[in-house]
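Participant: Following this line is coords_34.tsv, made up of TSV, C-alpha atoms:
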chain	number	residue	atom	x	y	z
A	1	LYS	CA	19.54	52.18	113.50
A	2	VAL	CA	17.05	50.85	110.99
A	3	TYR	CA	16.36	47.15	111.48
A	4	ASP	CA	15.36	44.43	109.07
A	5	ASP	CA	11.80	43.30	109.90
A	6	LYS	CA	13.06	39.80	110.67
A	7	LEU	CA	15.26	41.21	113.44
A	8	TYR	CA	13.13	43.89	115.08
A	9	HIS	CA	9.93	45.70	114.28
A	10	LYS	CA	11.18	49.15	115.18
A	11	ASP	CA	13.58	51.94	114.38
A	12	GLU	CA	15.99	53.05	117.06
A	13	TYR	CA	17.67	56.41	117.61
A	14	CYS	CA	21.06	55.97	119.26
A	15	ILE	CA	21.34	59.38	120.92
A	16	ASN	CA	22.73	59.93	124.41
A	17	ASN	CA	21.29	63.43	124.93
A	18	LEU	CA	24.49	64.75	126.48
A	19	ASP	CA	25.21	68.45	126.83
A	20	GLU	CA	26.31	69.67	123.39
A	21	ASN	CA	27.87	72.78	124.93
A	22	LYS	CA	30.13	70.78	127.23
A	23	LEU	CA	33.54	69.33	126.44
A	24	TYR	CA	34.20	65.92	127.97
A	25	SER	CA	37.60	64.39	128.65
A	26	GLY	CA	38.64	61.28	126.75
A	27	LYS	CA	39.00	59.42	130.06
A	28	TYR	CA	35.39	60.23	130.96
A	29	VAL	CA	34.05	59.06	127.59
A	30	ALA	CA	36.21	55.91	127.68
A	31	ASN	CA	34.54	55.03	130.98
A	32	MET	CA	31.17	55.59	129.29
A	33	MET	CA	32.26	53.05	126.68
A	34	LEU	CA	33.01	50.55	129.44
A	35	GLU	CA	29.48	51.20	130.75
A	36	ASN	CA	28.13	50.49	127.22
A	37	LYS	CA	26.66	53.97	127.05
A	38	ILE	CA	28.89	54.72	124.06
A	39	GLN	CA	29.71	52.07	121.47
A	40	GLY	CA	33.08	51.45	119.84
A	41	TYR	CA	31.89	52.00	116.28
A	42	CYS	CA	33.90	54.31	114.04
A	43	CYS	CA	30.90	55.18	111.83
A	44	ASP	CA	29.31	57.56	114.37
A	45	LYS	CA	32.47	59.49	115.25
A	46	LEU	CA	34.18	62.44	113.56
A	47	ILE	CA	37.91	62.38	114.33
A	48	LYS	CA	40.54	64.99	113.51
A	49	MET	CA	43.19	63.75	111.11
A	50	GLU	CA	45.96	64.95	113.44
A	51	LEU	CA	44.60	62.65	116.18
A	52	ILE	CA	44.51	59.71	113.79
A	53	LYS	CA	48.16	60.28	112.87
A	54	LYS	CA	49.28	61.05	116.43
A	55	ASN	CA	47.68	57.88	117.83
A	56	ASN	CA	48.62	55.76	114.82
A	57	LEU	CA	45.00	54.70	114.38
A	58	TYR	CA	44.58	51.72	112.07
A	59	PHE	CA	42.32	48.69	111.80
A	60	GLU	CA	43.83	45.22	111.65
A	61	PRO	CA	43.15	43.57	108.28
A	62	ASN	CA	40.96	40.48	108.00
A	63	LYS	CA	39.32	41.04	111.38
A	64	TYR	CA	35.69	41.42	112.38
A	65	ILE	CA	34.97	43.86	115.25
A	66	GLU	CA	38.14	45.61	114.06
A	67	ASP	CA	37.15	49.08	115.26
A	68	LEU	CA	36.42	48.46	118.98
A	69	TYR	CA	39.97	48.45	120.36
A	70	PRO	CA	41.58	51.23	118.24
A	71	ILE	CA	38.57	53.52	118.75
A	72	PHE	CA	38.57	52.90	122.51
A	73	LYS	CA	42.30	53.62	122.72
A	74	LEU	CA	41.97	56.80	120.64
A	75	VAL	CA	39.01	58.10	122.68
A	76	HIS	CA	40.89	57.47	125.93
A	77	ASN	CA	43.82	59.55	124.64
A	78	CYS	CA	41.65	62.46	123.47
A	79	LYS	CA	41.83	65.68	125.47
A	80	LYS	CA	38.37	66.88	124.43
A	81	VAL	CA	35.25	65.11	123.18
A	82	ASN	CA	32.01	66.77	122.11
A	83	PHE	CA	28.60	65.24	121.32
A	84	VAL	CA	25.95	66.08	118.71
A	85	ASN	CA	22.46	64.97	119.70
A	86	LYS	CA	21.19	64.32	116.19
A	87	PRO	CA	20.80	61.05	114.25
A	88	LEU	CA	23.24	61.82	111.41
A	89	TYR	CA	24.03	58.27	110.33
A	90	ASN	CA	21.64	55.55	109.14
A	91	TYR	CA	22.87	52.15	110.27
A	92	ARG	CA	20.85	49.41	108.62
A	93	GLN	CA	20.84	46.05	110.42
A	94	LEU	CA	20.31	43.06	108.12
A	95	GLU	CA	19.73	39.46	109.07
A	96	SER	CA	22.13	38.40	106.31
A	97	SER	CA	25.02	40.59	107.52
A	98	ILE	CA	28.30	39.16	108.86
A	99	SER	CA	27.64	40.40	112.39
A	100	HIS	CA	24.35	38.48	112.54
A	101	LYS	CA	25.77	35.20	111.24
A	102	ARG	CA	27.45	33.06	113.89
A	103	THR	CA	30.77	31.80	112.57
A	104	GLU	CA	33.87	30.51	114.32
A	105	LYS	CA	35.88	33.46	112.97
A	106	LEU	CA	33.37	36.04	114.25
A	107	ILE	CA	33.44	34.43	117.71
A	108	LYS	CA	37.25	34.42	117.82
A	109	ASP	CA	37.53	38.00	116.53
A	110	TYR	CA	34.94	39.21	119.04
A	111	ALA	CA	36.93	37.66	121.90
A	112	TYR	CA	40.17	39.08	120.48
A	113	ALA	CA	38.80	42.65	120.27
A	114	ASN	CA	37.48	42.62	123.83
A	115	VAL	CA	40.64	41.06	125.29
A	116	ASN	CA	42.66	43.85	123.62
A	117	VAL	CA	40.57	46.46	125.45
A	118	LEU	CA	40.83	44.60	128.77
A	119	GLU	CA	44.59	44.24	128.39
A	120	TYR	CA	44.90	47.94	127.56
A	121	ILE	CA	43.05	49.13	130.67
A	122	LYS	CA	44.58	46.57	133.05
A	123	ASP	CA	47.45	48.68	134.40
A	124	LYS	CA	45.81	52.11	134.16
A	125	ASP	CA	44.20	54.14	136.96
A	126	ASP	CA	41.77	56.07	134.74
A	127	PHE	CA	38.96	53.53	134.86
A	128	ASN	CA	36.27	52.83	137.43
A	129	GLU	CA	36.40	49.25	138.76
A	130	ASP	CA	32.64	48.76	138.37
A	131	ASN	CA	32.83	50.01	134.77
A	132	ILE	CA	35.61	47.53	134.02
A	133	LEU	CA	33.56	44.69	135.50
A	134	ASN	CA	30.51	45.82	133.50
A	135	PHE	CA	32.50	45.73	130.23
A	136	GLN	CA	34.07	42.39	131.15
A	137	TYR	CA	30.66	40.90	131.96
A	138	GLU	CA	29.00	42.19	128.78
A	139	ALA	CA	31.84	40.71	126.72
A	140	PHE	CA	31.34	37.39	128.55
A	141	ARG	CA	27.55	37.46	128.09
A	142	THR	CA	27.80	38.21	124.38
A	143	LEU	CA	30.48	35.60	123.74
A	144	ILE	CA	28.64	32.74	125.46
A	145	PHE	CA	25.46	33.74	123.59
A	146	MET	CA	27.33	33.59	120.26
A	147	ILE	CA	28.97	30.26	121.13
A	148	ASN	CA	25.59	28.85	122.20
A	149	GLU	CA	24.01	29.81	118.87
A	150	TYR	CA	26.95	28.54	116.82
A	151	HIS	CA	26.97	25.13	118.53
A	152	ASN	CA	23.20	24.80	118.39
A	153	LYS	CA	22.63	24.99	122.15
A	154	SER	CA	24.63	21.84	122.96
A	155	TYR	CA	26.71	21.08	126.05
A	156	LYS	CA	29.79	21.56	123.87
A	157	ILE	CA	29.59	25.31	124.55
A	158	TYR	CA	31.28	24.98	127.96
A	159	SER	CA	34.44	23.30	126.63
A	160	GLU	CA	34.48	25.68	123.65
A	161	PHE	CA	34.41	28.71	125.93
A	162	ASN	CA	37.33	27.29	127.91
A	163	LYS	CA	39.38	27.36	124.68
A	164	SER	CA	38.63	31.06	124.15
A	165	ILE	CA	41.19	33.75	124.97
A	166	LEU	CA	38.41	35.47	126.93
A	167	LYS	CA	38.36	32.56	129.39
A	168	SER	CA	41.02	34.27	131.55
A	169	TYR	CA	38.63	37.21	131.92
A	170	GLU	CA	35.60	35.17	132.93
A	171	PRO	CA	33.92	37.32	135.62
A	172	ASP	CA	33.58	36.18	139.20
A	173	ILE	CA	29.92	35.49	140.01
A	174	LYS	CA	30.17	37.02	143.49
A	175	ARG	CA	31.56	40.27	142.09
A	176	VAL	CA	28.85	40.34	139.42
A	177	TYR	CA	26.07	40.00	141.99
A	178	LYS	CA	27.62	42.66	144.23
A	179	CYS	CA	28.01	45.14	141.35
A	180	LYS	CA	25.12	47.63	141.43
A	181	CYS	CA	25.73	48.85	137.87
A	182	ILE	CA	24.77	45.42	136.48
A	183	ARG	CA	21.02	44.95	136.41
A	184	LEU	CA	19.56	41.89	138.12
A	185	ARG	CA	18.02	40.47	134.93
A	186	ARG	CA	21.44	40.54	133.25
A	187	LYS	CA	22.90	38.49	136.10
A	188	ILE	CA	20.74	35.51	135.12
A	189	ASP	CA	23.22	34.59	132.38
A	190	ILE	CA	26.15	33.86	134.66
A	191	THR	CA	23.91	31.94	137.08
A	192	LEU	CA	22.70	29.61	134.32
A	193	TRP	CA	26.26	29.35	133.02
A	194	LYS	CA	27.72	28.28	136.37
A	195	LEU	CA	24.95	25.70	136.75
A	196	LYS	CA	25.74	24.48	133.21
A	197	ILE	CA	22.15	24.86	132.08
A	198	TYR	CA	22.63	28.04	130.02
A	199	ASN	CA	22.24	26.14	126.74
A	200	LEU	CA	18.87	24.75	127.89
A	201	PHE	CA	17.16	27.80	129.38
A	202	MET	CA	18.67	30.97	127.88
A	203	PRO	CA	17.21	30.53	124.36
A	204	GLU	CA	13.72	30.17	125.84
A	205	LEU	CA	14.21	33.18	128.11
A	206	ARG	CA	15.30	35.29	125.11
A	207	LYS	CA	12.19	34.20	123.19
A	208	LEU	CA	10.07	35.24	126.17
A	209	LYS	CA	11.88	38.60	126.34
A	210	ILE	CA	11.26	39.26	122.62
A	211	TYR	CA	7.61	38.27	123.02
A	212	MET	CA	7.13	40.59	126.00
A	213	GLU	CA	8.83	43.45	124.14
A	214	SER	CA	6.50	42.95	121.17
A	215	ILE	CA	3.47	43.17	123.50
A	216	VAL	CA	4.79	46.41	125.02
A	217	LEU	CA	5.38	47.89	121.54
A	218	LYS	CA	1.83	46.97	120.47
A	219	GLN	CA	0.41	48.55	123.62
A	220	ARG	CA	2.39	51.74	122.97
A	221	SER	CA	1.17	51.82	119.37
A	222	VAL	CA	-2.46	51.43	120.48
A	223	ALA	CA	-2.02	54.15	123.11
A	224	LEU	CA	-0.51	56.54	120.55
A	225	ASN	CA	-3.38	55.88	118.13
A	226	ILE	CA	-5.94	56.56	120.86
A	227	MET	CA	-4.17	59.80	121.80
A	228	SER	CA	-4.03	60.83	118.14
A	229	GLU	CA	-7.74	60.13	117.66
A	230	LYS	CA	-8.56	62.05	120.86
A	231	LYS	CA	-6.64	65.12	119.60
A	232	ILE	CA	-8.54	65.00	116.29
A	233	PHE	CA	-11.83	64.72	118.19
A	234	ASP	CA	-10.92	67.63	120.47
A	235	ILE	CA	-10.00	69.84	117.51
A	236	SER	CA	-13.23	69.07	115.67
Could I get this structure in the form of structure tokens?
Facilitator:
Amino acid sequence: KVYDDKLYHKDEYCINNLDENKLYSGKYVANMMLENKIQGYCCDKLIKMELIKKNNLYFEPNKYIEDLYPIFKLVHNCKKVNFVNKPLYNYRQLESSISHKRTEKLIKDYAYANVNVLEYIKDKDDFNEDNILNFQYEAFRTLIFMINEYHNKSYKIYSEFNKSILKSYEPDIKRVYKCKCIRLRRKIDITLWKLKIYNLFMPELRKLKIYMESIVLKQRSVALNIMSEKKIFDIS
């Protein structure tokens, strides 16, 4: 990914470093998608035409996040999946893009896409319970963040979430805290949400997170420069 400077001051290589010589089952990779280790984009996947026809793969018209559900379903039904550990696709992130503008349609379509996945996996035995909870919680976290931005951090966000189709999949706070695959810092969101102070504190916490990340990046840059200068000195 190559980011607009207003979003991030870094380039990011989305590579999982999986064994290129190994064939993975679709069920295994679908669970990786629930863990957010693999994303539901179609742009970084090469799919055989026969699989597209066999699984009747199509994207619903006039929808944002239109690739998540069909790609997840197709991957789950694949017999073999292979990975290439090379950055072969440049994905430029722009502040002006649709996915970075909070609109009512984007919020509804995001909830719709995630509910489709959750409905699909509901009656199947191929998925790890912790992975399902992880996916459910990430969908919840992202949706309340989007709603909070769209409604300008007002108390209206709680009633607006209750209108969402994702409301029926709101994760249980006890299960979230018991789940070891969800990091502690990610559990802060649901705590603030249940206390109904998410709209007050989460924006400030995100600012702090971005600030701390910028400090770490600067420190890494300084360290790399020092190491580079040391190598030049050693050679001379």
Participant: To one decimal place, how far is CA of Lys124 (chain A) from CA of Leu184 (chain A) in Å?
Facilitator: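 CA of Leu184 (chain A) lies 28.4 Å from CA of Lys124 (chain A).
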Participant: Give the answer as one residue: which of A:Asn56, A:Trp193, A:Ala113, A:Ile47 has the shortest atom-to-atom distance to Tyr69 (chain A), using all atoms listed in the file?
Facilitator: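 Checking each of A:Asn56, A:Trp193, A:Ala113, A:Ile47 against Tyr69 (chain A), counting all atoms listed in the file, the winner is A:Ala113.
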Participant: Counting all atoms listed in the file, which of A:Lys27, A:Lys174, A:Lys101, A:Lys37 gets nearest to Phe127 (chain A)?
Facilitator: A:Lys27
Participant: Looking at A:Gly40, A:Gly26, A:Pro70, A:Pro171, which one is nearest to Ile52 (chain A), with distances taken over all atoms listed in the file?
Facilitator: A:Pro70
Participant: State, in Å with one decimal place, the distance from CA of Tyr137 (chain A) to CA of Ser159 (chain A).
Facilitator: 18.8 Å
Participant: Provide an axis-aligned box for all listed atoms of region 148-167 of chain A, padding each side by 5 Å; report its centre and its edge lengths in Å to one decimal, as AutoDock Vina command-line options.
Facilitator:
--center_x 31.9 --center_y 28.3 --center_z 123.1 --size_x 28.6 --size_y 24.4 --size_z 22.6
Participant: Between CA of Tyr112 (chain A) and CA of Glu60 (chain A), what distance in Å does the model show, to one decimal?
Facilitator: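 Taking CA of Tyr112 (chain A) and CA of Glu60 (chain A), their separation equals 11.4 Å.
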Participant: Just give me the residues with any atom within 12 Å of (26.7, 38.1, 129.5), file coordinates, counting all atoms listed in the file, written as a ChimeraX atom specification.
Facilitator: /A:133-148,170-171,173,176,182-193,198,202
